[in-house]
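my_file01.cif (mmCIF, C-alpha atoms)
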data_upload
loop_
_atom_site.group_PDB
_atom_site.id
_atom_site.type_symbol
_atom_site.label_atom_id
_atom_site.label_comp_id
_atom_site.auth_asym_id
_atom_site.auth_seq_id
_atom_site.Cartn_x
_atom_site.Cartn_y
_atom_site.Cartn_z
ATOM 1 C CA MET D 1 -94.108 12.429 -21.678
ATOM 2 C CA ARG D 2 -95.721 14.809 -19.225
ATOM 3 C CA ASP D 3 -99.095 16.229 -20.140
ATOM 4 C CA LYS D 4 -98.635 19.522 -18.372
ATOM 5 C CA MET D 5 -96.183 21.232 -16.054
ATOM 6 C CA PRO D 6 -97.535 21.652 -12.550
ATOM 7 C CA SER D 7 -98.332 25.251 -11.749
ATOM 8 C CA PRO D 8 -95.956 27.261 -9.556
ATOM 9 C CA ALA D 9 -98.730 27.541 -7.022
ATOM 10 C CA ARG D 10 -99.021 23.792 -6.854
ATOM 11 C CA ARG D 11 -95.300 23.366 -6.437
ATOM 12 C CA ALA D 12 -95.293 26.015 -3.744
ATOM 13 C CA ALA D 13 -98.062 24.215 -1.912
ATOM 14 C CA ILE D 14 -96.193 20.901 -2.050
ATOM 15 C CA PHE D 15 -93.040 22.602 -0.859
ATOM 16 C CA GLY D 16 -94.935 24.146 2.017
ATOM 17 C CA LEU D 17 -96.239 20.713 2.924
ATOM 18 C CA LEU D 18 -92.806 19.153 2.900
ATOM 19 C CA GLY D 19 -91.278 22.117 4.672
ATOM 20 C CA SER D 20 -93.671 21.954 7.576
ATOM 21 C CA LEU D 21 -93.194 18.201 7.703
ATOM 22 C CA ALA D 22 -89.466 18.794 8.016
ATOM 23 C CA ILE D 23 -89.936 21.257 10.854
ATOM 24 C CA VAL D 24 -92.376 19.148 12.814
ATOM 25 C CA LEU D 25 -90.250 16.038 12.438
ATOM 26 C CA SER D 26 -87.129 17.952 13.461
ATOM 27 C CA ILE D 27 -88.750 19.043 16.677
ATOM 28 C CA LEU D 28 -89.985 15.545 17.357
ATOM 29 C CA GLU D 29 -86.577 14.101 16.575
ATOM 30 C CA ASN D 30 -84.921 16.530 18.938
ATOM 31 C CA SER D 31 -86.742 15.098 21.908
ATOM 32 C CA ILE D 32 -85.619 11.554 21.226
ATOM 33 C CA THR D 33 -82.027 12.302 20.216
ATOM 34 C CA GLY D 34 -80.775 11.910 23.768
ATOM 35 C CA MET D 35 -81.427 8.187 23.751
ATOM 36 C CA LEU D 36 -78.714 7.421 21.220
ATOM 37 C CA ASN D 37 -75.830 8.922 23.157
ATOM 38 C CA PHE D 38 -74.586 5.515 24.235
ATOM 39 C CA ALA D 39 -73.339 4.733 20.745
ATOM 40 C CA VAL D 40 -72.195 8.045 19.388
ATOM 41 C CA PRO D 41 -72.694 11.348 21.171
ATOM 42 C CA GLY D 42 -75.096 13.581 19.301
ATOM 43 C CA LEU D 43 -76.329 10.940 16.870
ATOM 44 C CA LYS D 44 -79.724 11.712 15.436
ATOM 45 C CA PRO D 45 -82.359 9.325 14.086
ATOM 46 C CA GLY D 46 -82.752 11.357 10.902
ATOM 47 C CA LEU D 47 -86.526 11.127 10.903
ATOM 48 C CA ALA D 48 -86.876 14.618 9.487
ATOM 49 C CA ASN D 49 -85.067 13.433 6.363
ATOM 50 C CA LEU D 50 -88.373 11.979 5.253
ATOM 51 C CA ALA D 51 -89.301 15.435 4.009
ATOM 52 C CA VAL D 52 -86.035 15.822 2.114
ATOM 53 C CA VAL D 53 -86.292 12.366 0.595
ATOM 54 C CA LEU D 54 -89.884 12.921 -0.537
ATOM 55 C CA ALA D 55 -88.908 16.226 -2.129
ATOM 56 C CA LEU D 56 -86.807 14.348 -4.667
ATOM 57 C CA PRO D 57 -89.573 12.573 -6.581
ATOM 58 C CA TYR D 58 -92.146 15.335 -6.149
ATOM 59 C CA LEU D 59 -90.118 18.462 -6.688
ATOM 60 C CA GLY D 60 -86.572 17.525 -7.632
ATOM 61 C CA GLY D 61 -83.062 18.109 -6.356
ATOM 62 C CA GLY D 62 -83.275 21.864 -5.877
ATOM 63 C CA ALA D 63 -86.326 21.566 -3.674
ATOM 64 C CA ALA D 64 -84.700 18.744 -1.727
ATOM 65 C CA LEU D 65 -81.796 21.037 -0.976
ATOM 66 C CA ALA D 66 -84.159 23.800 0.086
ATOM 67 C CA VAL D 67 -86.076 21.495 2.425
ATOM 68 C CA SER D 68 -82.779 20.308 3.849
ATOM 69 C CA LEU D 69 -81.674 23.866 4.616
ATOM 70 C CA LEU D 70 -85.045 24.576 6.137
ATOM 71 C CA LYS D 71 -84.611 21.542 8.350
ATOM 72 C CA ALA D 72 -81.188 22.724 9.498
ATOM 73 C CA LEU D 73 -82.660 26.112 10.295
ATOM 74 C CA ALA D 74 -85.465 24.501 12.258
ATOM 75 C CA VAL D 75 -83.029 22.512 14.362
ATOM 76 C CA PHE D 76 -81.015 25.625 15.037
ATOM 77 C CA LEU D 77 -84.105 27.539 16.106
ATOM 78 C CA ALA D 78 -85.178 24.671 18.310
ATOM 79 C CA THR D 79 -81.846 24.072 20.022
ATOM 80 C CA GLY D 80 -80.246 27.473 19.800
ATOM 81 C CA THR D 81 -76.590 26.417 19.531
ATOM 82 C CA VAL D 82 -74.763 28.067 16.633
ATOM 83 C CA THR D 83 -71.786 25.732 16.533
ATOM 84 C CA THR D 84 -73.909 22.666 15.895
ATOM 85 C CA LEU D 85 -75.573 24.502 13.022
ATOM 86 C CA TRP D 86 -72.365 24.399 10.996
ATOM 87 C CA PHE D 87 -71.857 20.713 11.663
ATOM 88 C CA SER D 88 -75.400 19.799 10.718
ATOM 89 C CA LEU D 89 -75.199 21.971 7.604
ATOM 90 C CA ALA D 90 -72.101 20.092 6.508
ATOM 91 C CA GLY D 91 -73.873 16.812 7.021
ATOM 92 C CA SER D 92 -77.023 18.004 5.275
ATOM 93 C CA LEU D 93 -75.199 19.321 2.221
ATOM 94 C CA LEU D 94 -73.176 16.145 1.814
ATOM 95 C CA SER D 95 -76.305 14.078 2.331
ATOM 96 C CA VAL D 96 -78.441 15.947 -0.208
ATOM 97 C CA ALA D 97 -75.620 15.924 -2.759
ATOM 98 C CA GLY D 98 -75.303 12.155 -2.500
ATOM 99 C CA MET D 99 -79.033 11.542 -2.582
ATOM 100 C CA TRP D 100 -79.481 13.839 -5.550
ATOM 101 C CA LEU D 101 -76.741 12.017 -7.489
ATOM 102 C CA LEU D 102 -78.385 8.668 -6.856
ATOM 103 C CA TRP D 103 -81.759 10.076 -7.761
ATOM 104 C CA ARG D 104 -80.527 11.725 -10.939
ATOM 105 C CA PHE D 105 -78.568 8.791 -12.287
ATOM 106 C CA CYS D 106 -79.654 5.591 -10.559
ATOM 107 C CA ARG D 107 -83.329 6.122 -10.013
ATOM 108 C CA ARG D 108 -84.192 2.836 -11.679
ATOM 109 C CA ILE D 109 -81.822 0.782 -9.575
ATOM 110 C CA PHE D 110 -82.649 2.073 -6.116
ATOM 111 C CA SER D 111 -85.875 2.924 -4.385
ATOM 112 C CA LEU D 112 -86.136 5.781 -1.895
ATOM 113 C CA ALA D 113 -84.997 3.310 0.769
ATOM 114 C CA GLY D 114 -81.502 2.994 -0.667
ATOM 115 C CA ILE D 115 -81.252 6.672 -1.494
ATOM 116 C CA SER D 116 -82.282 7.600 2.008
ATOM 117 C CA ALA D 117 -79.859 5.071 3.489
ATOM 118 C CA LEU D 118 -77.010 6.773 1.671
ATOM 119 C CA GLY D 119 -78.360 10.128 2.784
ATOM 120 C CA GLY D 120 -78.453 9.059 6.390
ATOM 121 C CA ALA D 121 -74.937 7.659 6.320
ATOM 122 C CA LEU D 122 -73.552 10.762 4.595
ATOM 123 C CA SER D 123 -75.348 13.088 6.969
ATOM 124 C CA ASN D 124 -73.804 11.486 10.054
ATOM 125 C CA LEU D 125 -70.451 11.200 8.344
ATOM 126 C CA GLY D 126 -70.477 14.852 7.340
ATOM 127 C CA GLN D 127 -71.326 16.045 10.831
ATOM 128 C CA VAL D 128 -68.674 14.065 12.641
ATOM 129 C CA GLY D 129 -66.188 14.621 9.835
ATOM 130 C CA VAL D 130 -66.408 18.381 10.201
ATOM 131 C CA MET D 131 -66.213 18.066 13.975
ATOM 132 C CA ALA D 132 -63.034 16.036 13.659
ATOM 133 C CA ALA D 133 -61.498 18.282 11.009
ATOM 134 C CA ILE D 134 -62.073 21.437 13.006
ATOM 135 C CA SER D 135 -60.732 19.990 16.212
ATOM 136 C CA ASN D 136 -57.841 18.249 14.494
ATOM 137 C CA THR D 137 -58.623 14.782 15.802
ATOM 138 C CA PRO D 138 -58.636 11.771 13.498
ATOM 139 C CA ALA D 139 -59.940 9.651 16.351
ATOM 140 C CA PHE D 140 -63.484 10.015 15.072
ATOM 141 C CA PHE D 141 -62.707 6.998 12.892
ATOM 142 C CA TYR D 142 -63.620 4.847 15.857
ATOM 143 C CA TYR D 143 -67.193 5.920 15.325
ATOM 144 C CA LEU D 144 -67.381 4.993 11.650
ATOM 145 C CA PRO D 145 -69.108 1.619 12.096
ATOM 146 C CA ALA D 146 -71.683 2.996 14.531
ATOM 147 C CA LEU D 147 -72.283 6.005 12.280
ATOM 148 C CA ALA D 148 -72.700 3.832 9.243
ATOM 149 C CA ILE D 149 -74.978 1.321 10.923
ATOM 150 C CA PHE D 150 -77.278 3.872 12.464
ATOM 151 C CA GLY D 151 -77.168 6.152 9.450
ATOM 152 C CA VAL D 152 -77.958 3.369 7.039
ATOM 153 C CA GLY D 153 -80.469 1.743 9.371
ATOM 154 C CA PHE D 154 -82.506 4.832 10.077
ATOM 155 C CA GLY D 155 -82.046 5.990 6.503
ATOM 156 C CA MET D 156 -83.558 2.756 5.266
ATOM 157 C CA LEU D 157 -86.524 3.079 7.608
ATOM 158 C CA VAL D 158 -87.154 6.632 6.502
ATOM 159 C CA GLY D 159 -86.758 5.557 2.888
ATOM 160 C CA LEU D 160 -89.261 2.764 3.353
ATOM 161 C CA LEU D 161 -91.730 5.273 4.732
ATOM 162 C CA GLY D 162 -91.014 7.385 1.689
ATOM 163 C CA ASN D 163 -91.716 4.430 -0.576
ATOM 164 C CA MET D 164 -95.028 3.868 1.156
ATOM 165 C CA VAL D 165 -96.030 7.504 0.711
ATOM 166 C CA LEU D 166 -94.908 7.447 -2.883
ATOM 167 C CA ARG D 167 -96.963 4.362 -3.570
ATOM 168 C CA ARG D 168 -100.128 5.953 -2.266
ATOM 169 C CA VAL D 169 -99.546 9.373 -3.748
ATOM 170 C CA PRO D 170 -97.561 8.831 -6.922
ATOM 171 C CA ARG D 171 -95.768 11.712 -8.524
ATOM 172 C CA GLU D 172 -98.428 12.317 -11.135
ATOM 173 C CA ARG D 173 -101.160 12.519 -8.574
ATOM 174 C CA MET D 174 -99.258 14.875 -6.284
ATOM 175 C CA LEU D 175 -98.489 17.194 -9.159
ATOM 176 C CA GLY D 176 -102.046 17.143 -10.410
ATOM 177 C CA GLN D 177 -101.234 15.332 -13.622
ATOM 178 C CA ALA D 178 -103.408 12.310 -12.936
ATOM 179 C CA LYS D 179 -105.419 11.038 -15.884
ATOM 180 C CA LYS D 180 -108.595 10.729 -13.860
ATOM 181 C CA SER D 181 -110.206 14.049 -13.065
ATOM 182 C CA GLY D 182 -110.589 14.959 -9.430
ATOM 183 C CA VAL D 183 -108.501 13.595 -6.608
ATOM 184 C CA MET K 1 -91.259 -2.153 -2.231
ATOM 185 C CA ILE K 2 -87.623 -2.358 -1.215
ATOM 186 C CA LYS K 3 -85.267 -3.345 -3.954
ATOM 187 C CA LYS K 4 -82.305 -5.696 -3.821
ATOM 188 C CA ALA K 5 -80.043 -2.831 -4.797
ATOM 189 C CA ASP K 6 -81.121 -0.904 -1.710
ATOM 190 C CA ILE K 7 -80.012 -3.698 0.563
ATOM 191 C CA PHE K 8 -76.708 -4.093 -1.224
ATOM 192 C CA LEU K 9 -76.087 -0.374 -0.939
ATOM 193 C CA GLY K 10 -76.855 -0.395 2.758
ATOM 194 C CA LEU K 11 -74.657 -3.376 3.522
ATOM 195 C CA GLY K 12 -71.956 -1.972 1.271
ATOM 196 C CA LEU K 13 -71.889 1.309 3.177
ATOM 197 C CA ILE K 14 -71.596 -0.467 6.490
ATOM 198 C CA ALA K 15 -68.859 -2.743 5.155
ATOM 199 C CA ALA K 16 -66.973 0.279 3.834
ATOM 200 C CA ALA K 17 -67.135 1.934 7.225
ATOM 201 C CA VAL K 18 -65.855 -1.134 9.025
ATOM 202 C CA LEU K 19 -63.022 -1.544 6.531
ATOM 203 C CA ALA K 20 -62.112 2.111 6.880
ATOM 204 C CA LEU K 21 -61.905 1.638 10.619
ATOM 205 C CA LEU K 22 -59.665 -1.404 10.304
ATOM 206 C CA PHE K 23 -57.217 0.360 8.035
ATOM 207 C CA LEU K 24 -57.189 3.780 9.607
ATOM 208 C CA GLY K 25 -57.859 3.238 13.271
ATOM 209 C CA GLY K 26 -55.988 0.907 15.495
ATOM 210 C CA GLY K 27 -52.987 0.992 17.727
ATOM 211 C CA ASP K 28 -52.951 -1.264 20.725
ATOM 212 C CA GLY K 29 -50.749 0.647 23.097
ATOM 213 C CA GLU K 30 -51.760 2.565 26.135
ATOM 214 C CA ALA K 31 -54.951 4.620 26.106
ATOM 215 C CA MET K 32 -54.155 8.328 25.956
ATOM 216 C CA VAL K 33 -56.439 11.231 26.671
ATOM 217 C CA THR K 34 -56.030 14.427 24.675
ATOM 218 C CA VAL K 35 -58.022 17.502 25.539
ATOM 219 C CA ARG K 36 -58.152 20.272 22.970
ATOM 220 C CA GLN K 37 -59.643 23.694 23.102
ATOM 221 C CA ARG K 38 -60.147 25.493 19.787
ATOM 222 C CA GLY K 39 -57.942 22.858 18.157
ATOM 223 C CA GLU K 40 -55.007 23.436 20.479
ATOM 224 C CA ILE K 41 -53.889 20.724 22.871
ATOM 225 C CA VAL K 42 -54.386 21.832 26.451
ATOM 226 C CA TYR K 43 -53.779 18.473 28.117
ATOM 227 C CA GLN K 44 -52.438 15.077 27.177
ATOM 228 C CA GLY K 45 -51.913 12.139 29.476
ATOM 229 C CA PRO K 46 -52.657 8.460 30.066
ATOM 230 C CA LEU K 47 -56.212 7.396 30.777
ATOM 231 C CA ALA K 48 -54.853 5.545 33.747
ATOM 232 C CA GLN K 49 -53.686 8.735 35.426
ATOM 233 C CA ASP K 50 -56.273 10.576 37.513
ATOM 234 C CA GLU K 51 -56.529 14.259 36.704
ATOM 235 C CA GLU K 52 -58.906 17.167 36.843
ATOM 236 C CA ILE K 53 -58.838 19.707 34.033
ATOM 237 C CA SER K 54 -60.606 22.999 34.278
ATOM 238 C CA LEU K 55 -61.211 24.939 31.078
ATOM 239 C CA ALA K 56 -62.501 28.461 30.709
ATOM 240 C CA GLY K 57 -63.791 29.851 27.460
ATOM 241 C CA ASP K 58 -67.210 30.989 26.403
ATOM 242 C CA PHE K 59 -68.304 28.544 29.090
ATOM 243 C CA HIS K 60 -66.641 26.644 31.864
ATOM 244 C CA ASN K 61 -65.879 22.935 31.582
ATOM 245 C CA VAL K 62 -64.450 20.610 34.204
ATOM 246 C CA ILE K 63 -63.115 17.359 32.787
ATOM 247 C CA LYS K 64 -62.175 14.557 35.142
ATOM 248 C CA ILE K 65 -60.050 11.501 34.533
ATOM 249 C CA GLN K 66 -60.802 9.064 37.281
ATOM 250 C CA SER K 67 -60.341 5.293 37.697
ATOM 251 C CA GLY K 68 -59.664 4.762 34.003
ATOM 252 C CA GLU K 69 -62.594 6.868 32.813
ATOM 253 C CA VAL K 70 -62.786 10.387 31.427
ATOM 254 C CA PHE K 71 -65.904 12.515 31.458
ATOM 255 C CA TYR K 72 -67.216 16.035 31.658
ATOM 256 C CA ALA K 73 -67.841 16.462 35.368
ATOM 257 C CA HIS K 74 -69.312 19.912 35.055
ATOM 258 C CA SER K 75 -70.214 22.410 32.398
ATOM 259 C CA ASP K 76 -72.330 25.529 32.357
ATOM 260 C CA CYS K 77 -73.126 25.374 28.660
ATOM 261 C CA PRO K 78 -76.810 25.532 27.691
ATOM 262 C CA GLY K 79 -77.327 22.124 26.104
ATOM 263 C CA GLN K 80 -75.271 20.000 28.500
ATOM 264 C CA ASP K 81 -74.629 17.628 25.612
ATOM 265 C CA CYS K 82 -71.059 17.135 26.818
ATOM 266 C CA VAL K 83 -72.119 15.971 30.246
ATOM 267 C CA LYS K 84 -74.784 13.759 28.743
ATOM 268 C CA MET K 85 -72.191 12.064 26.579
ATOM 269 C CA GLY K 86 -71.168 10.048 29.580
ATOM 270 C CA ARG K 87 -67.886 8.407 30.409
ATOM 271 C CA LEU K 88 -65.201 7.027 28.142
ATOM 272 C CA SER K 89 -63.207 4.067 29.333
ATOM 273 C CA GLY K 90 -61.793 3.322 25.897
ATOM 274 C CA PRO K 91 -61.216 4.975 22.522
ATOM 275 C CA GLY K 92 -63.786 7.578 21.589
ATOM 276 C CA GLN K 93 -64.511 11.225 22.023
ATOM 277 C CA LEU K 94 -66.495 13.714 24.036
ATOM 278 C CA ALA K 95 -66.999 17.314 23.086
ATOM 279 C CA CYS K 96 -68.506 20.564 24.263
ATOM 280 C CA ALA K 97 -69.197 22.421 21.043
ATOM 281 C CA PRO K 98 -70.240 25.735 22.651
ATOM 282 C CA ASN K 99 -67.018 25.903 24.616
ATOM 283 C CA GLU K 100 -64.992 24.506 21.686
ATOM 284 C CA THR K 101 -63.451 21.749 23.764
ATOM 285 C CA ILE K 102 -63.002 18.147 22.758
ATOM 286 C CA VAL K 103 -61.748 15.138 24.670
ATOM 287 C CA VAL K 104 -60.278 12.294 22.667
ATOM 288 C CA VAL K 105 -59.203 8.882 23.889
ATOM 289 C CA GLU K 106 -57.066 6.859 21.548
ATOM 290 C CA ARG K 107 -54.572 4.066 21.707
ATOM 291 C CA ARG K 108 -51.120 4.798 20.416
ATOM 292 C CA GLU K 109 -49.289 2.167 18.403
ATOM 293 C CA SER K 110 -47.322 0.217 20.959
ATOM 294 C CA GLY K 111 -43.670 1.089 20.791
ATOM 295 C CA VAL K 112 -44.229 4.803 20.323
ATOM 296 C CA ASP K 113 -43.023 7.048 23.125
ATOM 297 C CA SER K 114 -45.707 8.896 24.977
ATOM 298 C CA ILE K 115 -45.871 12.620 24.477
ATOM 299 C CA ALA K 116 -44.644 14.804 27.286
ATOM 300 C CA GLY K 117 -47.632 16.426 28.973
#

Spit out the file's structure as structure tokens when you get a sec.
Amino acid sequence: MRDKMPSPARRAAIFGLLGSLAIVLSILENSITGMLNFAVPGLKPGLANLAVVLALPYLGGGAALAVSLLKALAVFLATGTVTTLWFSLAGSLLSVAGMWLLWRFCRRIFSLAGISALGGALSNLGQVGVMAAISNTPAFFYYLPALAIFGVGFGMLVGLLGNMVLRRVPRERMLGQAKKSGV
Amino acid sequence: MIKKADIFLGLGLIAAAVLALLFLGGGDGEAMVTVRQRGEIVYQGPLAQDEEISLAGDFHNVIKIQSGEVFYAHSDCPGQDCVKMGRLSGPGQLACAPNETIVVVERRESGVDSIAG
């Protein structure tokens, strides 16, 4: 039972917060991406997914998708290569779809850690999957274990961070529905 | 803070990926290099055979197969991701997305004839 719906202004402010988080983290992530090339070329730590993952409890699936698209745009603006934009979009869409499903139906079973782990795995899978499909090479299967391990690993870490944030700023408080007056 | 289900999910995903690899990957024959540009095969040959492949497109790539390794020796694309990908001495792939080229190393099932280059 919710006492009141958060105002559109409030939701917009939260979205702005998460959006800028996504952008800043994307830029940060871009600088450290090069280190992972030993395992899988172009593998990303997925740190910016923190913003997407946090959007789920605070603003819902639609906002999570929007933050995800914003993130993809930010990466494109930062790196300037159009071809990688399509790949990362594929990964992002798959990732958000999976995370939203878990959030919508299995929220009680998993914490943000598990949801984010799935998101991370799907994101990497989507990217390389599209790369392989377009270039007609099934050989990307060799990368599946590395993709899964890193995707799940980083996803879990990001999810744990999300859990920590959620614990300190629970949904009610973020949306201004807290019983106590003032923040 | 982390739930048991999270851990199971994570391990499950990794297990699924490893299983997928075992069923779908494989082949223990000779290592073959396939270079494609825009999806079309432009070169195919054994990893053991030294070769230099020059590809023009939106950008210029030079791929070298040397001493059992394949790598992007030179590229004038902006990101240089392909060059940074390093050398392959076994199954895997390298790619230059801006120039739409991809280098794949895979092992054929032993007993299959090699493809004429």

Got a sec to resolve the PyMOL selection byres ((chain K and resi 102-104) around 9) on this structure and send the residues as an mmCIF file with C-alpha atoms, in the frame of the given file?
data_model
loop_
_atom_site.group_PDB
_atom_site.id
_atom_site.type_symbol
_atom_site.label_atom_id
_atom_site.label_comp_id
_atom_site.auth_asym_id
_atom_site.auth_seq_id
_atom_site.Cartn_x
_atom_site.Cartn_y
_atom_site.Cartn_z
ATOM 1 C CA SER D 135 -60.732 19.990 16.212
ATOM 2 C CA THR D 137 -58.623 14.782 15.802
ATOM 3 C CA ALA D 139 -59.940 9.651 16.351
ATOM 4 C CA PHE D 140 -63.484 10.015 15.072
ATOM 5 C CA MET K 32 -54.155 8.328 25.956
ATOM 6 C CA VAL K 33 -56.439 11.231 26.671
ATOM 7 C CA THR K 34 -56.030 14.427 24.675
ATOM 8 C CA VAL K 35 -58.022 17.502 25.539
ATOM 9 C CA ARG K 36 -58.152 20.272 22.970
ATOM 10 C CA GLN K 37 -59.643 23.694 23.102
ATOM 11 C CA ARG K 38 -60.147 25.493 19.787
ATOM 12 C CA GLY K 39 -57.942 22.858 18.157
ATOM 13 C CA ILE K 63 -63.115 17.359 32.787
ATOM 14 C CA VAL K 70 -62.786 10.387 31.427
ATOM 15 C CA PHE K 71 -65.904 12.515 31.458
ATOM 16 C CA TYR K 72 -67.216 16.035 31.658
ATOM 17 C CA PRO K 91 -61.216 4.975 22.522
ATOM 18 C CA GLY K 92 -63.786 7.578 21.589
ATOM 19 C CA GLN K 93 -64.511 11.225 22.023
ATOM 20 C CA LEU K 94 -66.495 13.714 24.036
ATOM 21 C CA ALA K 95 -66.999 17.314 23.086
ATOM 22 C CA CYS K 96 -68.506 20.564 24.263
ATOM 23 C CA ALA K 97 -69.197 22.421 21.043
ATOM 24 C CA ASN K 99 -67.018 25.903 24.616
ATOM 25 C CA GLU K 100 -64.992 24.506 21.686
ATOM 26 C CA THR K 101 -63.451 21.749 23.764
ATOM 27 C CA VAL K 105 -59.203 8.882 23.889
ATOM 28 C CA GLU K 106 -57.066 6.859 21.548
#

Exercise. What lies within 10 Å of Val62 (chain K) using only C-alpha atoms, ignoring chain neighbours under 3 positions off, as a PyMOL selection string?
Worked result: chain K and resi 52-56+71-76+83

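Taken over the whole file, the PyMOL selection byres ((chain D and resi 69-74) around 9) covers exactly Gly19, Ala22, Ile23, Val24, Leu25, Ser26, Ile27, Ala48, Asn49, Ala51, Val52, Ala64, Leu65, Ala66, Val67, Ser68, Val75, Phe76, Leu77, Ala78, Thr79, Leu85, Ser88, Leu89, Ser92 and Leu93 of chain D.
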
Please define a box with edges along x, y and z of the file around all atoms of region 44-63 of chain K given in the file, extend it by 6 Å on each side, and return its centre and edge lengths in Å to one decimal, as JSON.
{"center_x": -60.1, "center_y": 18.3, "center_z": 32.0, "size_x": 28.4, "size_y": 37.4, "size_z": 23.1}

Problem set entry | Which of D:Gly120, D:Gly62, D:Gly126, D:Pro170 sits closest to chain K [using all atoms listed in the file] | D:Gly120

For this session: Take the point (-84.9, 5.8, 7.2) as written in the file and pick out every residue within 8 Å of it, counting all atoms listed in the file; give the list as a PyMOL selection string.
Result: chain D and resi 46-47+49-50+113+116-117+120+152-161

Taking only C-alpha atoms into account, report as a PDB file with C-alpha atoms, keeping the file's coordinate frame which residues of chain K lie within 6 Å of chain D.
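And here's part-v1.pdb as it stands now:
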ATOM      1  CA  ALA K   5     -80.043  -2.831  -4.797  1.00  0.00           C
ATOM      2  CA  ASP K   6     -81.121  -0.904  -1.710  1.00  0.00           C
ATOM      3  CA  GLY K  10     -76.855  -0.395   2.758  1.00  0.00           C
ATOM      4  CA  ILE K  14     -71.596  -0.467   6.490  1.00  0.00           C
ATOM      5  CA  ALA K  17     -67.135   1.934   7.225  1.00  0.00           C
ATOM      6  CA  VAL K  18     -65.855  -1.134   9.025  1.00  0.00           C
ATOM      7  CA  LEU K  21     -61.905   1.638  10.619  1.00  0.00           C
ATOM      8  CA  GLY K  39     -57.942  22.858  18.157  1.00  0.00           C
ATOM      9  CA  MET K  85     -72.191  12.064  26.579  1.00  0.00           C
TER      10      MET K  85
END

For this session: State, in Å with one decimal place, the distance from CA of Leu59 (chain D) to CA of Phe15 (chain D).
Result: 7.7 Å

For this session: Using all atoms listed in the file, find all polymer residues with an atom at most 10 Å away from the point (-60.5, 2.9, 40.5); report them as number ranges by chain.
Result: K: 48, 50, 66-69

Problem set entry | Among the residues D:Ala12, D:Leu94, D:Val165, D:Leu102, the one that comes closest to Ala63 (chain D) [using only C-alpha atoms] | D:Ala12

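For the pair CA of Ala55 (chain D) and CA of Val169 (chain D), the separation is 12.8 Å.
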
Exercise. CA of Lys64 (chain K) and CA of Pro78 (chain K) are how many Å apart?
Worked result: 19.8 Å

For this session: Check the smallest atom-to-atom distance from each of D:Met5, D:Gly119, D:Leu18, D:Arg173 to Leu13 (chain K) using all atoms listed in the file, then report the winner.
Result: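 Once distances to Leu13 (chain K) are computed over all atoms listed in the file, the minimum belongs to D:Gly119.
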
Problem set entry | Selected residue of minimal separation from Leu166 (chain D) among D:Gly129, D:Pro57, D:Pro8, D:Gly98, counting all atoms listed in the file |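 Closest to Leu166 (chain D) of all the choices is D:Pro57.
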